[in-house]
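With compact mmCIF, C-alpha atoms (C1' of nucleotides) inside, this is entry_7.txt:
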```
# COMPACT_ATOMS: atom_id res chain seq x y z
CA MET A 1 114.18 234.28 115.35
CA VAL A 2 113.03 232.95 118.69
CA ARG A 3 109.90 231.72 120.27
CA GLN A 4 108.15 234.48 122.13
CA ARG A 5 106.89 234.48 125.70
CA GLU A 6 103.28 233.38 126.02
CA PHE A 7 102.46 234.95 129.38
CA ASP A 8 102.22 238.57 130.52
CA VAL A 9 105.23 239.25 132.76
CA ASP A 10 103.45 242.08 134.52
CA LYS A 11 100.34 240.05 135.24
CA ALA A 12 102.44 237.15 136.49
CA LEU A 13 104.42 239.41 138.79
CA ASP A 14 101.22 240.93 140.08
CA ALA A 15 99.88 237.48 140.94
CA ALA A 16 103.12 236.66 142.76
CA MET A 17 102.85 239.95 144.65
CA GLN A 18 99.31 239.21 145.77
CA LEU A 19 100.37 235.79 147.03
CA PHE A 20 103.52 236.93 148.86
CA TRP A 21 101.56 239.83 150.30
CA GLU A 22 98.93 237.52 151.70
CA LYS A 23 101.06 234.61 152.87
CA GLY A 24 104.57 235.95 153.34
CA TYR A 25 107.81 234.57 151.97
CA GLU A 26 108.26 231.28 153.83
CA ALA A 27 104.64 230.17 153.70
CA THR A 28 104.44 230.66 149.92
CA SER A 29 105.72 227.67 147.95
CA LEU A 30 106.85 227.45 144.36
CA SER A 31 103.78 225.32 143.69
CA ASP A 32 101.55 228.05 145.09
CA LEU A 33 103.33 230.50 142.82
CA THR A 34 103.04 228.48 139.60
CA SER A 35 99.32 228.02 140.27
CA ALA A 36 98.67 231.69 140.98
CA MET A 37 100.91 233.00 138.23
CA GLY A 38 99.55 230.54 135.66
CA ILE A 39 102.99 229.58 134.42
CA GLN A 40 105.40 226.70 134.86
CA ARG A 41 108.32 226.52 137.22
CA PRO A 42 111.11 227.02 134.65
CA SER A 43 109.35 230.12 133.35
CA ILE A 44 109.56 231.65 136.81
CA TYR A 45 113.26 230.93 137.11
CA SER A 46 114.15 232.10 133.61
CA THR A 47 112.12 235.30 133.93
CA PHE A 48 112.48 236.35 137.56
CA GLY A 49 115.33 234.30 139.03
CA ASP A 50 114.94 232.31 142.22
CA LYS A 51 112.26 232.63 144.90
CA LYS A 52 114.00 235.43 146.79
CA GLU A 53 114.53 237.47 143.62
CA LEU A 54 110.90 237.02 142.63
CA PHE A 55 109.90 238.13 146.10
CA GLU A 56 112.08 241.20 145.80
CA ALA A 57 110.56 242.09 142.44
CA ALA A 58 107.09 241.65 143.92
CA LEU A 59 107.95 243.85 146.90
CA ARG A 60 109.40 246.57 144.66
CA ARG A 61 106.23 246.48 142.62
CA TYR A 62 104.22 246.85 145.80
CA THR A 63 106.21 249.70 147.30
CA SER A 64 106.06 251.87 144.21
CA ALA A 65 102.31 251.34 143.83
CA HIS A 66 101.81 251.87 147.56
CA ALA A 67 103.80 255.10 147.62
CA ALA A 68 102.00 256.41 144.56
CA GLY A 69 98.63 255.59 146.12
CA ILE A 70 99.44 257.43 149.32
CA ARG A 71 100.80 260.40 147.43
CA ALA A 72 97.56 260.63 145.49
CA LYS A 73 95.47 260.44 148.64
CA LEU A 74 97.48 263.15 150.38
CA GLN A 75 97.08 265.45 147.41
CA HIS A 76 93.39 264.77 147.05
CA HIS A 77 92.29 267.40 149.56
CA PRO A 78 93.44 271.01 149.59
CA SER A 79 93.35 270.98 153.39
CA VAL A 80 96.30 269.13 154.88
CA LYS A 81 94.41 268.23 158.04
CA GLU A 82 91.54 266.91 155.99
CA ALA A 83 93.89 264.96 153.74
CA PHE A 84 95.48 263.16 156.70
CA ARG A 85 92.09 262.55 158.28
CA VAL A 86 90.67 261.01 155.13
CA PHE A 87 93.82 258.97 154.68
CA PHE A 88 93.87 257.46 158.17
CA GLU A 89 90.12 257.00 158.44
CA GLY A 90 90.08 255.39 155.01
CA LEU A 91 92.78 253.02 156.15
CA VAL A 92 90.64 251.87 159.06
CA GLU A 93 87.50 251.71 156.96
CA GLU A 94 89.26 249.58 154.36
CA GLU A 95 90.53 247.06 156.89
CA TYR A 96 87.23 246.67 158.70
CA ALA A 97 85.07 246.60 155.59
CA GLY A 98 86.41 243.45 153.97
CA THR A 99 86.89 240.05 155.49
CA GLY A 100 90.44 239.72 154.23
CA ASN A 101 93.22 241.46 156.10
CA ARG A 102 96.54 241.56 154.35
CA GLY A 103 97.81 244.75 155.90
CA CYS A 104 100.90 246.18 154.23
CA PHE A 105 103.28 243.98 152.25
CA CYS A 106 106.23 246.15 153.23
CA ILE A 107 105.46 245.94 156.94
CA ASN A 108 105.01 242.18 156.68
CA THR A 109 108.45 242.01 155.09
CA MET A 110 109.97 244.25 157.76
CA VAL A 111 108.86 241.72 160.34
CA GLU A 112 109.58 238.51 158.44
CA LEU A 113 112.76 239.22 156.48
CA ALA A 114 114.37 242.55 157.38
CA PRO A 115 115.94 241.31 160.65
CA HIS A 116 117.71 238.45 158.85
CA ASP A 117 118.40 239.89 155.41
CA ALA A 118 120.22 243.17 154.89
CA LYS A 119 118.76 243.64 151.42
CA PHE A 120 115.24 243.73 152.77
CA GLU A 121 116.23 245.78 155.79
CA ILE A 122 117.42 248.46 153.36
CA LEU A 123 114.52 248.08 150.95
CA THR A 124 111.86 248.36 153.63
CA ARG A 125 113.66 251.19 155.42
CA GLU A 126 113.89 253.17 152.19
CA HIS A 127 110.17 252.78 151.63
CA GLU A 128 109.28 253.98 155.11
CA MET A 129 111.69 256.89 154.76
CA TYR A 130 110.02 257.77 151.49
CA LEU A 131 106.62 257.77 153.17
CA ALA A 132 108.01 259.98 155.94
CA ALA A 133 109.34 262.41 153.32
CA MET A 134 105.92 262.55 151.64
CA PHE A 135 104.22 263.19 154.98
CA GLN A 136 106.77 265.90 155.75
CA GLU A 137 106.22 267.63 152.40
CA THR A 138 102.50 267.60 153.00
CA ILE A 139 102.89 269.08 156.48
CA GLU A 140 105.25 271.74 155.15
CA LYS A 141 102.68 272.64 152.53
CA GLY A 142 100.20 273.21 155.35
CA LEU A 143 102.73 275.34 157.17
CA ARG A 144 103.36 277.49 154.10
CA SER A 145 99.67 277.98 153.47
CA GLY A 146 99.16 278.98 157.07
CA GLU A 147 96.71 276.14 157.72
CA LEU A 148 99.07 274.59 160.31
CA GLN A 149 100.43 276.58 163.18
CA ALA A 150 103.95 277.93 162.79
CA GLY A 151 106.61 276.30 164.92
CA LEU A 152 105.23 272.85 164.34
CA ASP A 153 108.11 270.40 163.72
CA ALA A 154 107.23 268.97 160.31
CA LYS A 155 109.91 266.29 160.31
CA ALA A 156 109.21 264.97 163.80
CA LEU A 157 105.48 264.97 163.15
CA ALA A 158 105.89 263.17 159.82
CA GLN A 159 108.02 260.49 161.46
CA THR A 160 105.47 260.10 164.22
CA LEU A 161 102.71 259.65 161.69
CA VAL A 162 104.68 256.94 159.91
CA VAL A 163 105.19 255.12 163.21
CA SER A 164 101.46 255.46 163.88
CA LEU A 165 100.59 254.20 160.43
CA ILE A 166 102.70 251.11 161.03
CA GLY A 167 101.25 250.57 164.47
CA LEU A 168 97.70 250.90 163.19
CA THR A 169 98.30 248.54 160.30
CA VAL A 170 99.79 245.89 162.57
CA ILE A 171 97.25 246.11 165.40
CA MET A 172 94.42 245.74 162.91
CA LYS A 173 95.76 242.26 162.12
CA ALA A 174 94.61 241.30 165.61
CA ARG A 175 91.18 242.78 164.84
CA PRO A 176 90.68 244.91 167.94
CA GLU A 177 87.36 246.64 168.46
CA ARG A 178 87.08 249.37 165.90
CA ALA A 179 86.83 252.04 168.60
CA PHE A 180 90.35 251.12 169.64
CA VAL A 181 91.92 252.20 166.37
CA GLU A 182 89.50 255.08 165.92
CA HIS A 183 90.56 256.54 169.25
CA SER A 184 94.18 256.20 168.19
CA VAL A 185 93.55 257.86 164.84
CA GLU A 186 91.74 260.73 166.53
CA THR A 187 94.57 261.24 169.00
CA MET A 188 97.17 261.10 166.22
CA LEU A 189 95.30 263.61 164.11
CA SER A 190 95.17 265.95 167.10
CA LEU A 191 98.94 266.31 166.71
CA ILE A 192 98.40 268.03 163.35
CA LYS A 193 97.35 271.43 164.59
CA MET B 194 106.54 203.38 188.97
CA VAL B 195 107.66 205.16 185.83
CA ARG B 196 110.83 206.56 184.39
CA GLN B 197 111.08 210.25 185.09
CA ARG B 198 111.74 213.05 182.66
CA GLU B 199 115.41 213.90 182.25
CA PHE B 200 115.06 217.43 180.91
CA ASP B 201 113.71 220.62 182.47
CA VAL B 202 110.38 221.38 180.78
CA ASP B 203 110.65 225.05 181.62
CA LYS B 204 114.16 225.40 180.23
CA ALA B 205 113.18 223.52 177.07
CA LEU B 206 110.14 225.74 176.55
CA ASP B 207 112.28 228.80 177.08
CA ALA B 208 114.70 227.63 174.39
CA ALA B 209 111.79 227.06 172.01
CA MET B 210 110.48 230.53 172.82
CA GLN B 211 113.83 232.15 172.03
CA LEU B 212 113.97 230.34 168.71
CA PHE B 213 110.39 231.07 167.62
CA TRP B 214 110.85 234.65 168.76
CA GLU B 215 113.92 235.08 166.60
CA LYS B 216 112.91 233.13 163.50
CA GLY B 217 109.13 232.97 163.51
CA TYR B 218 106.91 229.93 163.11
CA GLU B 219 107.48 228.82 159.52
CA ALA B 220 111.23 229.39 159.44
CA THR B 221 111.79 227.32 162.58
CA SER B 222 112.07 223.59 161.89
CA LEU B 223 111.65 220.67 164.24
CA SER B 224 115.37 220.00 163.82
CA ASP B 225 116.16 223.55 164.91
CA LEU B 226 113.95 222.98 167.92
CA THR B 227 115.46 219.67 169.01
CA SER B 228 118.93 221.21 168.80
CA ALA B 229 118.02 224.33 170.76
CA MET B 230 115.88 222.53 173.32
CA GLY B 231 118.44 219.77 173.79
CA ILE B 232 115.85 217.01 173.57
CA GLN B 233 114.69 214.53 170.97
CA ARG B 234 111.74 214.83 168.69
CA PRO B 235 109.40 212.40 170.47
CA SER B 236 110.01 214.23 173.75
CA ILE B 237 108.72 217.41 172.16
CA TYR B 238 105.57 215.73 170.88
CA SER B 239 104.83 213.88 174.11
CA THR B 240 105.42 216.94 176.26
CA PHE B 241 104.14 219.87 174.21
CA GLY B 242 102.11 218.41 171.36
CA ASP B 243 102.75 219.36 167.75
CA LYS B 244 104.67 222.34 166.40
CA LYS B 245 101.72 224.74 166.59
CA GLU B 246 100.95 223.77 170.18
CA LEU B 247 104.57 224.22 171.16
CA PHE B 248 104.54 227.61 169.47
CA GLU B 249 101.42 228.56 171.38
CA ALA B 250 102.99 227.52 174.69
CA ALA B 251 106.08 229.54 173.82
CA LEU B 252 104.00 232.58 172.94
CA ARG B 253 101.97 232.32 176.14
CA ARG B 254 105.20 232.14 178.09
CA TYR B 255 106.40 235.24 176.28
CA THR B 256 103.28 237.32 176.74
CA SER B 257 103.06 236.74 180.48
CA ALA B 258 106.74 237.60 180.98
CA HIS B 259 106.41 240.58 178.64
CA ALA B 260 103.36 241.95 180.42
CA ALA B 261 104.97 241.49 183.82
CA GLY B 262 108.10 243.27 182.64
CA ILE B 263 106.17 246.25 181.35
CA ARG B 264 104.08 246.42 184.50
CA ALA B 265 107.24 246.53 186.58
CA LYS B 266 108.74 249.29 184.45
CA LEU B 267 105.59 251.40 184.63
CA GLN B 268 105.53 251.10 188.41
CA HIS B 269 109.22 251.83 188.79
CA HIS B 270 108.84 255.60 188.82
CA PRO B 271 106.37 257.53 190.99
CA SER B 272 105.89 260.05 188.18
CA VAL B 273 103.69 258.70 185.41
CA LYS B 274 105.29 260.92 182.78
CA GLU B 275 108.72 259.81 183.87
CA ALA B 276 107.67 256.17 183.89
CA PHE B 277 106.46 256.33 180.28
CA ARG B 278 109.54 258.29 179.23
CA VAL B 279 111.92 255.75 180.76
CA PHE B 280 109.90 252.91 179.26
CA PHE B 281 109.89 254.22 175.69
CA GLU B 282 113.45 255.53 175.76
CA GLY B 283 114.63 252.25 177.26
CA LEU B 284 112.90 250.42 174.45
CA VAL B 285 114.85 252.40 171.86
CA GLU B 286 118.11 252.12 173.77
CA GLU B 287 117.70 248.35 174.03
CA GLU B 288 117.12 247.89 170.32
CA TYR B 289 120.00 250.09 169.22
CA ALA B 290 122.47 248.82 171.80
CA GLY B 291 122.72 245.20 170.71
CA THR B 292 123.33 243.82 167.27
CA GLY B 293 120.40 241.43 167.47
CA ASN B 294 116.92 242.71 166.82
CA ARG B 295 114.14 240.37 167.69
CA GLY B 296 111.53 242.96 168.42
CA CYS B 297 108.42 241.60 170.11
CA PHE B 298 107.39 237.97 169.77
CA CYS B 299 103.72 238.89 170.01
CA ILE B 300 103.94 241.48 167.25
CA ASN B 301 105.84 239.04 165.05
CA THR B 302 103.00 236.58 165.59
CA MET B 303 100.36 239.20 164.86
CA VAL B 304 101.94 239.67 161.44
CA GLU B 305 102.81 236.05 160.64
CA LEU B 306 99.93 234.02 162.08
CA ALA B 307 97.07 236.17 163.35
CA PRO B 308 95.62 236.89 159.88
CA HIS B 309 95.37 233.17 159.07
CA ASP B 310 94.73 231.60 162.46
CA ALA B 311 91.88 232.69 164.72
CA LYS B 312 93.55 231.27 167.80
CA PHE B 313 96.53 233.57 167.40
CA GLU B 314 94.38 236.49 166.38
CA ILE B 315 92.64 236.18 169.74
CA LEU B 316 95.78 235.47 171.71
CA THR B 317 97.69 238.44 170.33
CA ARG B 318 94.70 240.75 170.59
CA GLU B 319 94.21 239.83 174.23
CA HIS B 320 97.83 240.64 174.95
CA GLU B 321 97.65 244.04 173.30
CA MET B 322 94.39 244.78 175.11
CA TYR B 323 96.08 243.84 178.36
CA LEU B 324 98.92 246.25 177.63
CA ALA B 325 96.39 248.96 176.83
CA ALA B 326 94.65 248.30 180.15
CA MET B 327 97.95 248.61 182.00
CA PHE B 328 98.73 251.85 180.23
CA GLN B 329 95.27 253.15 181.05
CA GLU B 330 95.63 252.29 184.74
CA THR B 331 98.94 254.09 184.84
CA ILE B 332 97.48 257.18 183.20
CA GLU B 333 94.51 257.12 185.57
CA LYS B 334 96.91 256.98 188.49
CA GLY B 335 98.51 260.14 187.14
CA LEU B 336 95.10 261.76 186.83
CA ARG B 337 94.18 260.88 190.42
CA SER B 338 97.46 262.22 191.77
CA GLY B 339 96.97 265.41 189.81
CA GLU B 340 100.19 264.93 187.83
CA LEU B 341 98.26 264.74 184.57
CA GLN B 342 95.81 267.38 183.55
CA ALA B 343 92.15 266.67 184.20
CA GLY B 344 90.04 265.99 181.14
CA LEU B 345 92.70 263.88 179.50
CA ASP B 346 91.11 260.79 177.91
CA ALA B 347 92.98 257.98 179.64
CA LYS B 348 91.58 255.21 177.46
CA ALA B 349 92.19 256.92 174.12
CA LEU B 350 95.69 257.90 175.17
CA ALA B 351 96.51 254.40 176.38
CA GLN B 352 95.33 252.92 173.09
CA THR B 353 97.39 255.46 171.17
CA LEU B 354 100.47 254.57 173.17
CA VAL B 355 99.98 250.88 172.41
CA VAL B 356 99.72 251.67 168.70
CA SER B 357 102.88 253.76 169.00
CA LEU B 358 104.68 251.00 170.84
CA ILE B 359 103.85 248.58 168.07
CA GLY B 360 104.85 251.05 165.38
CA LEU B 361 108.16 251.77 167.08
CA THR B 362 108.96 248.12 167.57
CA VAL B 363 108.27 247.31 163.93
CA ILE B 364 110.06 250.28 162.36
CA MET B 365 113.17 249.49 164.39
CA LYS B 366 113.41 246.21 162.49
CA ALA B 367 114.29 248.30 159.46
CA ARG B 368 116.97 250.10 161.52
CA PRO B 369 116.12 253.69 160.70
CA GLU B 370 118.41 256.44 161.98
CA ARG B 371 118.00 256.63 165.71
CA ALA B 372 116.80 260.24 165.50
CA PHE B 373 113.78 258.98 163.59
CA VAL B 374 112.46 256.93 166.48
CA GLU B 375 113.62 259.43 169.07
CA HIS B 376 111.58 262.16 167.40
CA SER B 377 108.58 259.87 167.42
CA VAL B 378 109.02 258.97 171.06
CA GLU B 379 109.32 262.64 171.98
CA THR B 380 106.15 263.49 170.07
CA MET B 381 104.26 260.58 171.62
CA LEU B 382 105.34 261.56 175.12
CA SER B 383 104.10 265.09 174.47
CA LEU B 384 100.58 263.64 174.41
CA ILE B 385 100.93 262.76 178.11
CA LYS B 386 100.39 266.17 179.59
C1' DA C 387 111.38 224.75 103.88
C1' DG C 388 115.09 224.57 107.09
C1' DT C 389 117.51 226.10 111.05
C1' DA C 390 118.82 228.45 115.23
C1' DT C 391 116.94 229.94 119.47
C1' DA C 392 114.17 230.60 123.33
C1' DT C 393 110.00 229.15 125.75
C1' DT C 394 107.37 225.68 127.19
C1' DA C 395 105.82 221.24 129.72
C1' DT C 396 107.05 217.14 132.15
C1' DA C 397 109.48 214.84 135.14
C1' DC C 398 112.85 214.55 138.06
C1' DC C 399 116.70 215.83 141.74
C1' DG C 400 118.52 215.56 146.62
C1' DA C 401 117.22 217.79 150.77
C1' DT C 402 114.27 218.75 154.20
C1' DC C 403 109.77 219.02 156.15
C1' DA C 404 106.43 217.56 160.24
C1' DG C 405 105.31 213.67 162.51
C1' DT C 406 105.68 208.64 164.23
C1' DA C 407 106.79 203.49 164.83
C1' DT C 408 110.00 200.78 167.13
C1' DA C 409 112.90 199.37 170.41
C1' DT C 410 115.78 200.41 174.31
C1' DT C 411 116.40 202.27 178.88
C1' DA C 412 115.33 203.82 183.36
C1' DT C 413 112.18 204.04 187.17
C1' DG C 414 109.09 202.74 191.22
C1' DA C 415 105.76 199.59 193.05
C1' DT C 416 105.01 194.92 194.15
C1' DA D 417 114.03 190.50 191.31
C1' DT D 418 110.11 191.22 188.40
C1' DC D 419 107.04 193.85 186.02
C1' DA D 420 104.32 197.80 184.36
C1' DT D 421 105.05 202.25 182.75
C1' DA D 422 106.90 206.12 180.57
C1' DA D 423 110.81 208.56 178.70
C1' DT D 424 114.38 208.07 175.65
C1' DA D 425 117.17 207.47 171.11
C1' DT D 426 117.23 205.92 166.44
C1' DA D 427 115.46 205.55 162.32
C1' DC D 428 111.99 205.88 159.41
C1' DT D 429 107.43 207.61 156.99
C1' DG D 430 105.17 209.99 152.94
C1' DA D 431 104.93 214.60 151.52
C1' DT D 432 106.71 218.65 150.08
C1' DC D 433 110.44 221.82 149.59
C1' DG D 434 113.36 224.83 146.06
C1' DG D 435 115.55 224.14 141.94
C1' DT D 436 116.84 221.92 137.34
C1' DA D 437 117.74 218.54 133.40
C1' DT D 438 115.49 217.05 129.43
C1' DA D 439 112.83 217.14 125.61
C1' DA D 440 109.09 218.94 122.92
C1' DT D 441 107.27 223.17 120.79
C1' DA D 442 106.87 227.48 118.60
C1' DT D 443 108.89 231.44 116.36
C1' DA D 444 111.72 234.50 113.04
C1' DC D 445 115.29 234.72 110.12
C1' DT D 446 117.73 232.76 106.08
```
How does this structure look as structure tokens?
Amino acid sequence: MVRQREFDVDKALDAAMQLFWEKGYEATSLSDLTSAMGIQRPSIYSTFGDKKELFEAALRRYTSAHAAGIRAKLQHHPSVKEAFRVFFEGLVEEEYAGTGNRGCFCINTMVELAPHDAKFEILTREHEMYLAAMFQETIEKGLRSGELQAGLDAKALAQTLVVSLIGLTVIMKARPERAFVEHSVETMLSLIK
Amino acid sequence: MVRQREFDVDKALDAAMQLFWEKGYEATSLSDLTSAMGIQRPSIYSTFGDKKELFEAALRRYTSAHAAGIRAKLQHHPSVKEAFRVFFEGLVEEEYAGTGNRGCFCINTMVELAPHDAKFEILTREHEMYLAAMFQETIEKGLRSGELQAGLDAKALAQTLVVSLIGLTVIMKARPERAFVEHSVETMLSLIK
DNA sequence: AGTATATTATACCGATCAGTATATTATGAT
DNA sequence: ATCATAATATACTGATCGGTATAATATACT
């Protein structure tokens, strides 16, 4: 009965996500978006709404993929200590390997939009809280298995690791000497005992 | 021989700093700046150069004041542990007291500009390295006085505290429950032993 | 085949962007 | 008092911004 959409909504949203992730909200123009997404301006508006709504959709796409990725990494090793070590060291390795340096889309948004837009304050907070909950679950698993020493405060430690993760991600944007972040990672990991 | 400037360069730069600090580079327009600085557009260009140069001057002004402020706080207490405790707890108190929430201008710049502009990558990195050096000096003072236990790695700890400071500052933009950051601060401080 | 409907492409909207040309005004030396 | 100089205020530049009106195009049902 009607003409059907010619582009892949998912692929288009992914392209928008990549662009917003790299450049942020303000610095990304509608022209940038149409080029990257391979569709025309009216298609963006009819499918995703205005620029802010598209950004929100892109961020939601990012956070769910990001959370799923971290969950997978934390479950990859039977040892909780080893899982966290591989996770944090992999984070550093990833940032220093490539030339690009996008960091975390959610953290970028926390800095750029959360202080001026309640919707993104909530959205980014919820993501970080979700990460903290995953970290806490992982630590509690280590406590149950006896790998981690009893009496360790799983919640406080999980929250500390989230703060560290954010700090690491942000400082790497300034490209400090690798030893700087490696020392920090080592010290952080020493808290998981 | 010539007409003299009618506005206070320092006051104008301070107004620009406040604005860039609050809104970031892209979201601050020249019109915003002329309003806040109380001067006309050509006065900005003749005195400070273009928007990027003005931003750089504002950031430099911020980083020197910021570093001096932190130095003063770290030297305020004879006990190193107490000095760090007061510093970090004051940081949290400050953010949760007011309604506003600007965080740190340098961190904002690390996220917004450092990944795409080498000048700001260097500038922000140098500031964070300077903070790390101050932290390290403070820790070494505690080692010399015997307050801190011998064998403690002053450099690694200082770097970790800088990462934590950044993480705390950023997560507070998402306004998590205060207990979240307080737990993190407590855990961080436990590393200074 | 004809028609209703939604997607597409083009071109446009007023508003605002960073930056500047122009002309006026104020200063200090002669 | 005149003049050279620089700071000021106004108004403008072309470019780009986010968003949309319009018209052409393609589909699925009758």
Given a cut-off of 7 Å, which residues of chain D touch chain A, counting all atoms listed in the file, written out as a PyMOL selection string? chain D and resi 442-445
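By only C-alpha atoms (C1' of nucleotides), and with residues fewer than 3 positions from Glu375 in chain B along its chain excluded, the set lying at most 12 Å from it is Lys155, Ala156, Leu157, Gln159, Thr160 and Val163 of chain A; Arg278, Phe281, Glu282, Gly283, Leu284, Val285, Glu286, Tyr289, Leu361, Ile364, Met365, Pro369, Glu370, Arg371, Ala372, Val378, Glu379, Thr380, Met381 and Leu382 of chain B.
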Residues from last step as file, C-alpha atoms, as a PDB file, keeping the file's coordinate frame:
```
ATOM      1  CA  LYS A 155     109.910 266.290 160.310  1.00  0.00           C
ATOM      2  CA  ALA A 156     109.210 264.970 163.800  1.00  0.00           C
ATOM      3  CA  LEU A 157     105.480 264.970 163.150  1.00  0.00           C
ATOM      4  CA  GLN A 159     108.020 260.490 161.460  1.00  0.00           C
ATOM      5  CA  THR A 160     105.470 260.100 164.220  1.00  0.00           C
ATOM      6  CA  VAL A 163     105.190 255.120 163.210  1.00  0.00           C
TER       7      VAL A 163
ATOM      8  CA  ARG B 278     109.540 258.290 179.230  1.00  0.00           C
ATOM      9  CA  PHE B 281     109.890 254.220 175.690  1.00  0.00           C
ATOM     10  CA  GLU B 282     113.450 255.530 175.760  1.00  0.00           C
ATOM     11  CA  GLY B 283     114.630 252.250 177.260  1.00  0.00           C
ATOM     12  CA  LEU B 284     112.900 250.420 174.450  1.00  0.00           C
ATOM     13  CA  VAL B 285     114.850 252.400 171.860  1.00  0.00           C
ATOM     14  CA  GLU B 286     118.110 252.120 173.770  1.00  0.00           C
ATOM     15  CA  TYR B 289     120.000 250.090 169.220  1.00  0.00           C
ATOM     16  CA  LEU B 361     108.160 251.770 167.080  1.00  0.00           C
ATOM     17  CA  ILE B 364     110.060 250.280 162.360  1.00  0.00           C
ATOM     18  CA  MET B 365     113.170 249.490 164.390  1.00  0.00           C
ATOM     19  CA  PRO B 369     116.120 253.690 160.700  1.00  0.00           C
ATOM     20  CA  GLU B 370     118.410 256.440 161.980  1.00  0.00           C
ATOM     21  CA  ARG B 371     118.000 256.630 165.710  1.00  0.00           C
ATOM     22  CA  ALA B 372     116.800 260.240 165.500  1.00  0.00           C
ATOM     23  CA  VAL B 378     109.020 258.970 171.060  1.00  0.00           C
ATOM     24  CA  GLU B 379     109.320 262.640 171.980  1.00  0.00           C
ATOM     25  CA  THR B 380     106.150 263.490 170.070  1.00  0.00           C
ATOM     26  CA  MET B 381     104.260 260.580 171.620  1.00  0.00           C
ATOM     27  CA  LEU B 382     105.340 261.560 175.120  1.00  0.00           C
TER      28      LEU B 382
END
```
Within 12 Å of chain B: each chain C residue with its shortest pair, only C-alpha atoms (C1' of nucleotides), as a Markdown table:
```
| residue | atom | partner | partner_atom | distance |
| --- | --- | --- | --- | --- |
| C:DT402 | C1' | B:Ser222 | CA | 9.3 |
| C:DC403 | C1' | B:Ser222 | CA | 7.7 |
| C:DA404 | C1' | B:Leu223 | CA | 7.3 |
| C:DG405 | C1' | B:Asp243 | CA | 8.1 |
| C:DT406 | C1' | B:Pro235 | CA | 8.2 |
| C:DA407 | C1' | B:Pro235 | CA | 10.9 |
| C:DT411 | C1' | B:Arg196 | CA | 8.9 |
| C:DA412 | C1' | B:Arg196 | CA | 5.4 |
| C:DT413 | C1' | B:Arg196 | CA | 4.0 |
| C:DG414 | C1' | B:Met194 | CA | 3.5 |
| C:DA415 | C1' | B:Met194 | CA | 5.6 |
| C:DT416 | C1' | B:Met194 | CA | 10.0 |
```
Any chance you could tabulate, as a Markdown table, the residues of chain D at most 12 Å from range 396-399 of chain C with each one's nearest atom pair and distance in Å to one decimal, using only C-alpha atoms (C1' of nucleotides), in chain and rising number order?
```
| residue | atom | partner | partner_atom | distance |
| --- | --- | --- | --- | --- |
| D:DC433 | C1' | C:DC399 | C1' | 11.7 |
| D:DG434 | C1' | C:DC399 | C1' | 10.5 |
| D:DG435 | C1' | C:DC399 | C1' | 8.4 |
| D:DT436 | C1' | C:DC399 | C1' | 7.5 |
| D:DA437 | C1' | C:DC398 | C1' | 7.8 |
| D:DT438 | C1' | C:DA397 | C1' | 8.6 |
| D:DA439 | C1' | C:DT396 | C1' | 8.7 |
| D:DA440 | C1' | C:DT396 | C1' | 9.6 |
```
Now that the selection is made, can you save its residues with C-alpha atoms (C1' of nucleotides) as an mmCIF file, in the coordinates of the input?
```cif
data_model
loop_
_atom_site.group_PDB
_atom_site.id
_atom_site.type_symbol
_atom_site.label_atom_id
_atom_site.label_comp_id
_atom_site.auth_asym_id
_atom_site.auth_seq_id
_atom_site.Cartn_x
_atom_site.Cartn_y
_atom_site.Cartn_z
ATOM 1 C "C1'" DC D 433 110.440 221.820 149.590
ATOM 2 C "C1'" DG D 434 113.360 224.830 146.060
ATOM 3 C "C1'" DG D 435 115.550 224.140 141.940
ATOM 4 C "C1'" DT D 436 116.840 221.920 137.340
ATOM 5 C "C1'" DA D 437 117.740 218.540 133.400
ATOM 6 C "C1'" DT D 438 115.490 217.050 129.430
ATOM 7 C "C1'" DA D 439 112.830 217.140 125.610
ATOM 8 C "C1'" DA D 440 109.090 218.940 122.920
#
```
Could you list, as a PyMOL selection string, every residue of chain B that has an atom within 7 Å of an atom of chain A, counting only C-alpha atoms? chain B and resi 219-220+294+301+303-304+307-308+314-315+317-318+349+352-353+356-357+359-361+363-364+366-367+369+373+376-377+380
Write out as an MDAnalysis selection string each polymer residue whose atoms come within 9 Å of Phe7 in chain A, counting all atoms listed in the file; drop sequence neighbours fewer than 3 positions from it. chainID A and resid 10:12 38:39
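When CA of Arg264 in chain B is paired with CA of Met327 in chain B, their separation reads 7.0 Å.
You will find CA of Lys193 in chain A at 8.0 Å from CA of Leu152 in chain A.
From CA of Ala209 in chain B back to CA of Gly291 in chain B, the distance works out to 21.2 Å.
Using all atoms listed in the file for every distance, the candidate list A:Asp14, A:Asp32, A:Asp8, A:Glu140 yields A:Asp32 as the residue closest to DT432 in chain D.
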